[in-house]
Each structure stands twice: as C-alpha cells, then as structure tokens.
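A.B. asks: Just my_file_8.tsv, nothing more (TSV, N, CA and C atoms):
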```
chain	number	residue	atom	x	y	z
A	109	GLN	N	129.68	28.43	144.47
A	109	GLN	CA	129.57	29.10	143.19
A	109	GLN	C	130.93	29.22	142.52
A	110	VAL	N	130.89	29.44	141.22
A	110	VAL	CA	132.10	29.61	140.44
A	110	VAL	C	131.99	30.89	139.64
A	111	GLN	N	133.06	31.65	139.62
A	111	GLN	CA	133.11	32.87	138.82
A	111	GLN	C	134.11	32.67	137.68
A	112	LEU	N	133.71	33.09	136.50
A	112	LEU	CA	134.58	32.99	135.33
A	112	LEU	C	134.85	34.39	134.79
A	113	VAL	N	136.09	34.66	134.48
A	113	VAL	CA	136.48	35.94	133.92
A	113	VAL	C	137.27	35.71	132.64
A	114	GLU	N	136.72	36.20	131.54
A	114	GLU	CA	137.39	36.06	130.25
A	114	GLU	C	138.25	37.29	129.98
A	115	SER	N	139.27	37.08	129.18
A	115	SER	CA	140.13	38.19	128.75
A	115	SER	C	140.78	37.80	127.43
A	116	GLY	N	141.38	38.79	126.79
A	116	GLY	CA	142.14	38.51	125.57
A	116	GLY	C	141.45	38.91	124.28
A	117	GLY	N	140.21	39.37	124.37
A	117	GLY	CA	139.54	39.80	123.16
A	117	GLY	C	140.13	41.09	122.63
A	118	GLY	N	139.68	41.47	121.43
A	118	GLY	CA	140.16	42.70	120.84
A	118	GLY	C	139.87	42.73	119.36
A	119	SER	N	140.53	43.65	118.68
A	119	SER	CA	140.37	43.81	117.24
A	119	SER	C	141.63	43.34	116.53
A	120	VAL	N	141.43	42.66	115.42
A	120	VAL	CA	142.55	42.12	114.67
A	120	VAL	C	142.19	42.08	113.20
A	121	GLN	N	143.19	42.14	112.35
A	121	GLN	CA	142.96	42.06	110.92
A	121	GLN	C	142.76	40.60	110.50
A	122	PRO	N	142.09	40.38	109.39
A	122	PRO	CA	141.94	39.01	108.88
A	122	PRO	C	143.30	38.33	108.74
A	123	GLY	N	143.35	37.08	109.15
A	123	GLY	CA	144.60	36.34	109.15
A	123	GLY	C	145.36	36.44	110.45
A	124	GLY	N	144.94	37.32	111.33
A	124	GLY	CA	145.62	37.50	112.60
A	124	GLY	C	145.25	36.47	113.64
A	125	SER	N	145.80	36.66	114.83
A	125	SER	CA	145.59	35.71	115.92
A	125	SER	C	145.24	36.44	117.20
A	126	LEU	N	144.51	35.74	118.03
A	126	LEU	CA	144.20	36.18	119.38
A	126	LEU	C	144.18	34.96	120.30
A	127	ARG	N	144.45	35.21	121.56
A	127	ARG	CA	144.36	34.14	122.55
A	127	ARG	C	143.44	34.59	123.66
A	128	LEU	N	142.35	33.88	123.82
A	128	LEU	CA	141.40	34.17	124.89
A	128	LEU	C	141.74	33.33	126.12
A	129	SER	N	141.50	33.91	127.27
A	129	SER	CA	141.68	33.20	128.54
A	129	SER	C	140.39	33.25	129.33
A	130	CYS	N	140.19	32.22	130.13
A	130	CYS	CA	139.01	32.16	130.99
A	130	CYS	C	139.48	31.61	132.34
A	131	ALA	N	139.51	32.47	133.33
A	131	ALA	CA	140.00	32.10	134.65
A	131	ALA	C	138.83	31.85	135.60
A	132	ALA	N	138.88	30.74	136.29
A	132	ALA	CA	137.81	30.37	137.21
A	132	ALA	C	138.26	30.55	138.65
A	133	SER	N	137.32	30.95	139.48
A	133	SER	CA	137.56	31.04	140.91
A	133	SER	C	136.30	30.60	141.64
A	134	GLY	N	136.50	30.21	142.91
A	134	GLY	CA	135.36	29.77	143.69
A	134	GLY	C	135.43	28.28	143.97
A	135	SER	N	134.27	27.65	143.98
A	135	SER	CA	134.17	26.23	144.32
A	135	SER	C	134.45	25.37	143.10
A	136	ILE	N	135.72	25.14	142.87
A	136	ILE	CA	136.14	24.40	141.68
A	136	ILE	C	136.60	23.02	142.09
A	137	SER	N	135.80	22.03	141.79
A	137	SER	CA	136.14	20.66	142.13
A	137	SER	C	135.35	19.74	141.23
A	138	GLY	N	135.70	18.48	141.26
A	138	GLY	CA	134.99	17.51	140.45
A	138	GLY	C	135.51	17.49	139.02
A	139	ILE	N	134.73	16.82	138.17
A	139	ILE	CA	135.08	16.72	136.76
A	139	ILE	C	134.66	18.01	136.06
A	140	LEU	N	135.63	18.67	135.44
A	140	LEU	CA	135.39	19.97	134.84
A	140	LEU	C	135.53	19.90	133.33
A	141	VAL	N	134.52	20.37	132.64
A	141	VAL	CA	134.54	20.46	131.18
A	141	VAL	C	134.45	21.92	130.80
A	142	TRP	N	135.44	22.39	130.08
A	142	TRP	CA	135.48	23.78	129.62
A	142	TRP	C	134.96	23.85	128.19
A	143	SER	N	134.21	24.91	127.92
A	143	SER	CA	133.72	25.13	126.57
A	143	SER	C	133.82	26.61	126.22
A	144	TRP	N	133.91	26.85	124.93
A	144	TRP	CA	133.82	28.22	124.40
A	144	TRP	C	132.63	28.28	123.44
A	145	TYR	N	131.90	29.37	123.55
A	145	TYR	CA	130.80	29.66	122.65
A	145	TYR	C	131.00	31.06	122.09
A	146	ARG	N	130.23	31.39	121.09
A	146	ARG	CA	130.27	32.75	120.56
A	146	ARG	C	128.88	33.13	120.06
A	147	ARG	N	128.66	34.44	120.06
A	147	ARG	CA	127.42	34.98	119.52
A	147	ARG	C	127.74	36.17	118.64
A	148	ALA	N	127.47	36.00	117.38
A	148	ALA	CA	127.65	37.10	116.43
A	148	ALA	C	126.39	37.95	116.39
A	149	PRO	N	126.50	39.19	115.98
A	149	PRO	CA	125.31	40.06	115.92
A	149	PRO	C	124.22	39.46	115.05
A	150	GLY	N	123.02	39.39	115.62
A	150	GLY	CA	121.87	38.90	114.87
A	150	GLY	C	121.82	37.40	114.69
A	151	LYS	N	122.72	36.68	115.35
A	151	LYS	CA	122.75	35.23	115.21
A	151	LYS	C	122.62	34.57	116.58
A	152	PRO	N	122.18	33.31	116.61
A	152	PRO	CA	122.10	32.61	117.89
A	152	PRO	C	123.49	32.22	118.40
A	153	ARG	N	123.56	31.91	119.66
A	153	ARG	CA	124.81	31.46	120.25
A	153	ARG	C	125.27	30.17	119.56
A	154	GLU	N	126.57	30.09	119.36
A	154	GLU	CA	127.16	28.97	118.61
A	154	GLU	C	128.26	28.34	119.45
A	155	TRP	N	128.22	27.04	119.56
A	155	TRP	CA	129.29	26.33	120.24
A	155	TRP	C	130.56	26.36	119.38
A	156	VAL	N	131.70	26.57	120.01
A	156	VAL	CA	132.96	26.70	119.30
A	156	VAL	C	133.90	25.52	119.58
A	157	ALA	N	134.11	25.25	120.87
A	157	ALA	CA	135.09	24.21	121.23
A	157	ALA	C	134.82	23.75	122.65
A	158	ARG	N	135.36	22.56	122.95
A	158	ARG	CA	135.19	21.98	124.27
A	158	ARG	C	136.41	21.14	124.58
A	159	ILE	N	136.79	21.12	125.85
A	159	ILE	CA	137.86	20.23	126.28
A	159	ILE	C	137.37	19.47	127.50
A	160	SER	N	137.46	18.17	127.44
A	160	SER	CA	136.90	17.32	128.47
A	160	SER	C	137.79	17.28	129.71
A	161	GLY	N	137.28	16.62	130.73
A	161	GLY	CA	138.06	16.46	131.95
A	161	GLY	C	139.35	15.71	131.70
A	162	GLY	N	139.33	14.83	130.70
A	162	GLY	CA	140.53	14.08	130.36
A	162	GLY	C	141.44	14.80	129.39
A	163	GLY	N	141.04	16.00	128.98
A	163	GLY	CA	141.89	16.79	128.10
A	163	GLY	C	141.63	16.59	126.63
A	164	ASN	N	140.57	15.88	126.28
A	164	ASN	CA	140.28	15.66	124.87
A	164	ASN	C	139.50	16.84	124.30
A	165	PRO	N	140.00	17.44	123.21
A	165	PRO	CA	139.32	18.59	122.62
A	165	PRO	C	138.32	18.19	121.53
A	166	ALA	N	137.38	19.08	121.31
A	166	ALA	CA	136.44	18.94	120.21
A	166	ALA	C	136.16	20.32	119.67
A	167	TYR	N	135.91	20.40	118.37
A	167	TYR	CA	135.76	21.70	117.72
A	167	TYR	C	134.57	21.71	116.78
A	168	ALA	N	133.97	22.88	116.66
A	168	ALA	CA	132.95	23.07	115.64
A	168	ALA	C	133.64	23.14	114.28
A	169	THR	N	132.94	22.70	113.27
A	169	THR	CA	133.53	22.64	111.93
A	169	THR	C	134.10	23.97	111.45
A	170	PRO	N	133.43	25.11	111.68
A	170	PRO	CA	133.96	26.37	111.15
A	170	PRO	C	135.33	26.78	111.71
A	171	VAL	N	135.71	26.24	112.85
A	171	VAL	CA	136.97	26.65	113.47
A	171	VAL	C	138.00	25.54	113.47
A	172	LEU	N	137.64	24.38	112.99
A	172	LEU	CA	138.54	23.23	113.00
A	172	LEU	C	139.79	23.54	112.20
A	173	GLY	N	140.94	23.29	112.84
A	173	GLY	CA	142.21	23.55	112.20
A	173	GLY	C	142.74	24.96	112.40
A	174	ARG	N	141.91	25.85	112.94
A	174	ARG	CA	142.35	27.23	113.17
A	174	ARG	C	142.38	27.58	114.65
A	175	PHE	N	141.48	27.01	115.42
A	175	PHE	CA	141.39	27.30	116.85
A	175	PHE	C	141.90	26.11	117.65
A	176	THR	N	142.49	26.40	118.80
A	176	THR	CA	142.95	25.35	119.70
A	176	THR	C	142.51	25.69	121.12
A	177	ILE	N	141.82	24.75	121.73
A	177	ILE	CA	141.41	24.92	123.12
A	177	ILE	C	142.38	24.16	124.02
A	178	SER	N	142.69	24.74	125.16
A	178	SER	CA	143.57	24.09	126.11
A	178	SER	C	143.16	24.49	127.52
A	179	ARG	N	143.76	23.83	128.50
A	179	ARG	CA	143.43	24.10	129.89
A	179	ARG	C	144.67	23.95	130.74
A	180	ASP	N	144.70	24.74	131.81
A	180	ASP	CA	145.76	24.64	132.80
A	180	ASP	C	145.07	24.37	134.13
A	181	ASN	N	145.08	23.12	134.54
A	181	ASN	CA	144.35	22.76	135.75
A	181	ASN	C	144.92	23.44	137.00
A	182	ALA	N	146.20	23.63	137.02
A	182	ALA	CA	146.82	24.27	138.18
A	182	ALA	C	146.38	25.72	138.34
A	183	LYS	N	146.07	26.35	137.23
A	183	LYS	CA	145.64	27.75	137.26
A	183	LYS	C	144.13	27.89	137.13
A	184	ASN	N	143.42	26.76	137.01
A	184	ASN	CA	141.96	26.82	136.80
A	184	ASN	C	141.60	27.76	135.66
A	185	THR	N	142.29	27.60	134.57
A	185	THR	CA	142.14	28.50	133.43
A	185	THR	C	142.06	27.69	132.14
A	186	ALA	N	141.20	28.15	131.25
A	186	ALA	CA	141.11	27.59	129.92
A	186	ALA	C	141.50	28.67	128.92
A	187	TYR	N	141.96	28.21	127.76
A	187	TYR	CA	142.43	29.13	126.73
A	187	TYR	C	141.80	28.74	125.39
A	188	LEU	N	141.70	29.75	124.54
A	188	LEU	CA	141.29	29.50	123.16
A	188	LEU	C	142.26	30.27	122.27
A	189	GLN	N	143.15	29.55	121.63
A	189	GLN	CA	144.07	30.16	120.68
A	189	GLN	C	143.39	30.20	119.33
A	190	MET	N	143.26	31.38	118.79
A	190	MET	CA	142.55	31.57	117.52
A	190	MET	C	143.52	32.10	116.48
A	191	ASN	N	143.75	31.32	115.46
A	191	ASN	CA	144.64	31.70	114.37
A	191	ASN	C	143.87	31.83	113.07
A	192	SER	N	144.50	32.47	112.11
A	192	SER	CA	143.88	32.63	110.78
A	192	SER	C	142.45	33.16	110.90
A	193	LEU	N	142.31	34.18	111.70
A	193	LEU	CA	140.97	34.71	111.97
A	193	LEU	C	140.34	35.30	110.71
A	194	LYS	N	139.03	35.14	110.64
A	194	LYS	CA	138.24	35.61	109.50
A	194	LYS	C	137.20	36.60	110.00
A	195	PRO	N	136.70	37.47	109.12
A	195	PRO	CA	135.65	38.41	109.55
A	195	PRO	C	134.44	37.69	110.16
A	196	GLU	N	134.14	36.51	109.68
A	196	GLU	CA	132.99	35.78	110.22
A	196	GLU	C	133.23	35.22	111.61
A	197	ASP	N	134.44	35.36	112.12
A	197	ASP	CA	134.72	34.99	113.51
A	197	ASP	C	134.35	36.11	114.48
A	198	THR	N	133.98	37.26	113.95
A	198	THR	CA	133.60	38.38	114.79
A	198	THR	C	132.39	38.02	115.64
A	199	ALA	N	132.52	38.16	116.95
A	199	ALA	CA	131.45	37.77	117.87
A	199	ALA	C	131.89	38.10	119.29
A	200	VAL	N	130.94	37.98	120.20
A	200	VAL	CA	131.27	37.96	121.62
A	200	VAL	C	131.51	36.51	121.99
A	201	TYR	N	132.66	36.26	122.59
A	201	TYR	CA	133.04	34.90	122.96
A	201	TYR	C	132.83	34.69	124.46
A	202	TYR	N	132.19	33.57	124.77
A	202	TYR	CA	131.89	33.23	126.16
A	202	TYR	C	132.53	31.89	126.51
A	203	CYS	N	133.02	31.81	127.71
A	203	CYS	CA	133.47	30.51	128.19
A	203	CYS	C	132.44	29.98	129.17
A	204	SER	N	132.40	28.66	129.25
A	204	SER	CA	131.54	28.02	130.24
A	204	SER	C	132.31	26.90	130.91
A	205	LEU	N	131.94	26.61	132.13
A	205	LEU	CA	132.56	25.54	132.89
A	205	LEU	C	131.44	24.65	133.43
A	206	LEU	N	131.47	23.40	133.01
A	206	LEU	CA	130.50	22.42	133.48
A	206	LEU	C	131.15	21.61	134.58
A	207	ARG	N	130.57	21.65	135.75
A	207	ARG	CA	131.15	21.01	136.90
A	207	ARG	C	130.40	19.72	137.21
A	208	SER	N	131.11	18.62	137.12
A	208	SER	CA	130.58	17.30	137.43
A	208	SER	C	129.29	17.00	136.68
A	209	GLY	N	129.16	17.56	135.51
A	209	GLY	CA	128.01	17.28	134.66
A	209	GLY	C	126.69	17.84	135.16
A	210	VAL	N	126.76	18.69	136.16
A	210	VAL	CA	125.51	19.17	136.77
A	210	VAL	C	125.40	20.69	136.69
A	211	ASN	N	126.38	21.38	137.19
A	211	ASN	CA	126.32	22.84	137.26
A	211	ASN	C	127.15	23.46	136.15
A	212	GLU	N	126.56	24.42	135.46
A	212	GLU	CA	127.28	25.12	134.40
A	212	GLU	C	127.36	26.60	134.73
A	213	PHE	N	128.54	27.14	134.58
A	213	PHE	CA	128.79	28.54	134.89
A	213	PHE	C	129.29	29.23	133.63
A	214	TRP	N	129.01	30.53	133.56
A	214	TRP	CA	129.34	31.30	132.36
A	214	TRP	C	130.13	32.55	132.71
A	215	GLY	N	130.98	32.93	131.77
A	215	GLY	CA	131.68	34.18	131.89
A	215	GLY	C	130.85	35.31	131.31
A	216	GLN	N	131.40	36.51	131.39
A	216	GLN	CA	130.66	37.70	130.96
A	216	GLN	C	130.81	37.97	129.46
A	217	GLY	N	131.76	37.29	128.84
A	217	GLY	CA	131.97	37.49	127.41
A	217	GLY	C	133.08	38.47	127.10
A	218	THR	N	133.73	38.25	125.97
A	218	THR	CA	134.77	39.17	125.51
A	218	THR	C	134.61	39.34	123.99
A	219	GLN	N	134.71	40.58	123.55
A	219	GLN	CA	134.45	40.89	122.14
A	219	GLN	C	135.68	40.58	121.29
A	220	VAL	N	135.44	39.91	120.19
A	220	VAL	CA	136.47	39.68	119.17
A	220	VAL	C	135.96	40.27	117.86
A	221	THR	N	136.76	41.17	117.29
A	221	THR	CA	136.39	41.81	116.04
A	221	THR	C	137.50	41.58	115.02
A	222	VAL	N	137.12	41.02	113.89
A	222	VAL	CA	138.08	40.75	112.82
A	222	VAL	C	137.68	41.60	111.62
A	223	SER	N	138.52	42.57	111.32
A	223	SER	CA	138.16	43.52	110.26
A	223	SER	C	139.42	44.14	109.70
A	224	SER	N	139.36	44.46	108.42
A	224	SER	CA	140.49	45.15	107.80
A	224	SER	C	140.25	46.66	107.81
```
Would it be possible to restate this file's structure as structure tokens?

C.D. replies:
Amino acid sequence: QVQLVESGGGSVQPGGSLRLSCAASGSISGILVWSWYRRAPGKPREWVARISGGGNPAYATPVLGRFTISRDNAKNTAYLQMNSLKPEDTAVYYCSLLRSGVNEFWGQGTQVTVSS
C-alpha cells in the first residue's frame, strides 16, 4: 500500500501564491504518475495537473500558466506551485499517485481558500 499526505494549503488573497506538497510512503516502485485534483463546493472533482514518469507535465486549461507541477523522486514527493491565485481556485486539493498504471492512491486533501 501507499500513503499520501498533502500539506501546504491555507488562505491567501487573490493574486497570491501557495505551494502544495504530497509526500508518499509505503510500497513505492514502478512507473509513478502524480496528479492533482480539486473539488470546489457544490462542484464535481476536477483534474488540475499531472506529471508523468518521464517528468512531462500537463495542465487543465483554467490553471495553465499559473500552476506548476513538479516531483522529487528522491523524496517521493510531488508539488503544486500555485501562483496568481483566483477566488475560483478555492477548493479542496487532492493528490493522487498512479503506480504502474494499475493502482491509484489518494491523499486526504488540503483546503485552499482564495479570498480578499
């Protein structure tokens, strides 16, 4: 099994920045794909970003150019740098880890609130 622990959420004013972290522990091996999702109140879960085993990132259109996903393989940790935050970015953010294309694990979520 794999355990994921997210951190770095909080409250910030519009235009501000936050950096989320997602640390994995447990049986971590194989090809690993990290993703970030979010769920805003009253809305379905939304994919935000993904970084492949080869390090190639992909982003949802609403966050393109503002968010950056990265990974530190030595630390088994993924990051989501969020800049130029907007009120519509307010959500609970979840990380997921897809292991060898078969098993997917999820973190518990971290709240991000963007408000003036």

A.B. asks: May I ask which of the residues A:Pro170, A:Cys130, A:Ala186, A:Val141 is the closest one to Arg158 of chain A, counting all atoms listed in the file?

C.D. replies: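 Looking at the shortest contact to Arg158 of chain A, the residue is A:Val141.
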
A.B. asks: Ranking A:Asp197, A:Trp214, A:Arg207, A:Ser192 by minimum distance to Val113 of chain A and counting only N, CA and C atoms, which one comes first?

C.D. replies: A:Trp214

A.B. asks: Pick out the closest residue to Asn184 of chain A from this set: A:Leu205, A:Lys151, A:Val210, A:Tyr145. Count only C-alpha atoms.

C.D. replies: A:Leu205

A.B. asks: Could you give me, as an MDAnalysis selection string, the residues within 6.5 Å of Tyr202 of chain A, counting all atoms listed in the file and dropping anything in the same chain fewer than 6 positions from it?

C.D. replies: chainID A and resid 143:147 215:218

A.B. asks: Please give the complete set of residues from chain A that DSSP, run on the backbone, assigns to strand (DSSP E or B), formatted as a PyMOL selection string.

C.D. replies: chain A and resi 110-115+118-120+126-134+140-147+154-159+165-167+175-180+185-190+199-207+211-214+218-222
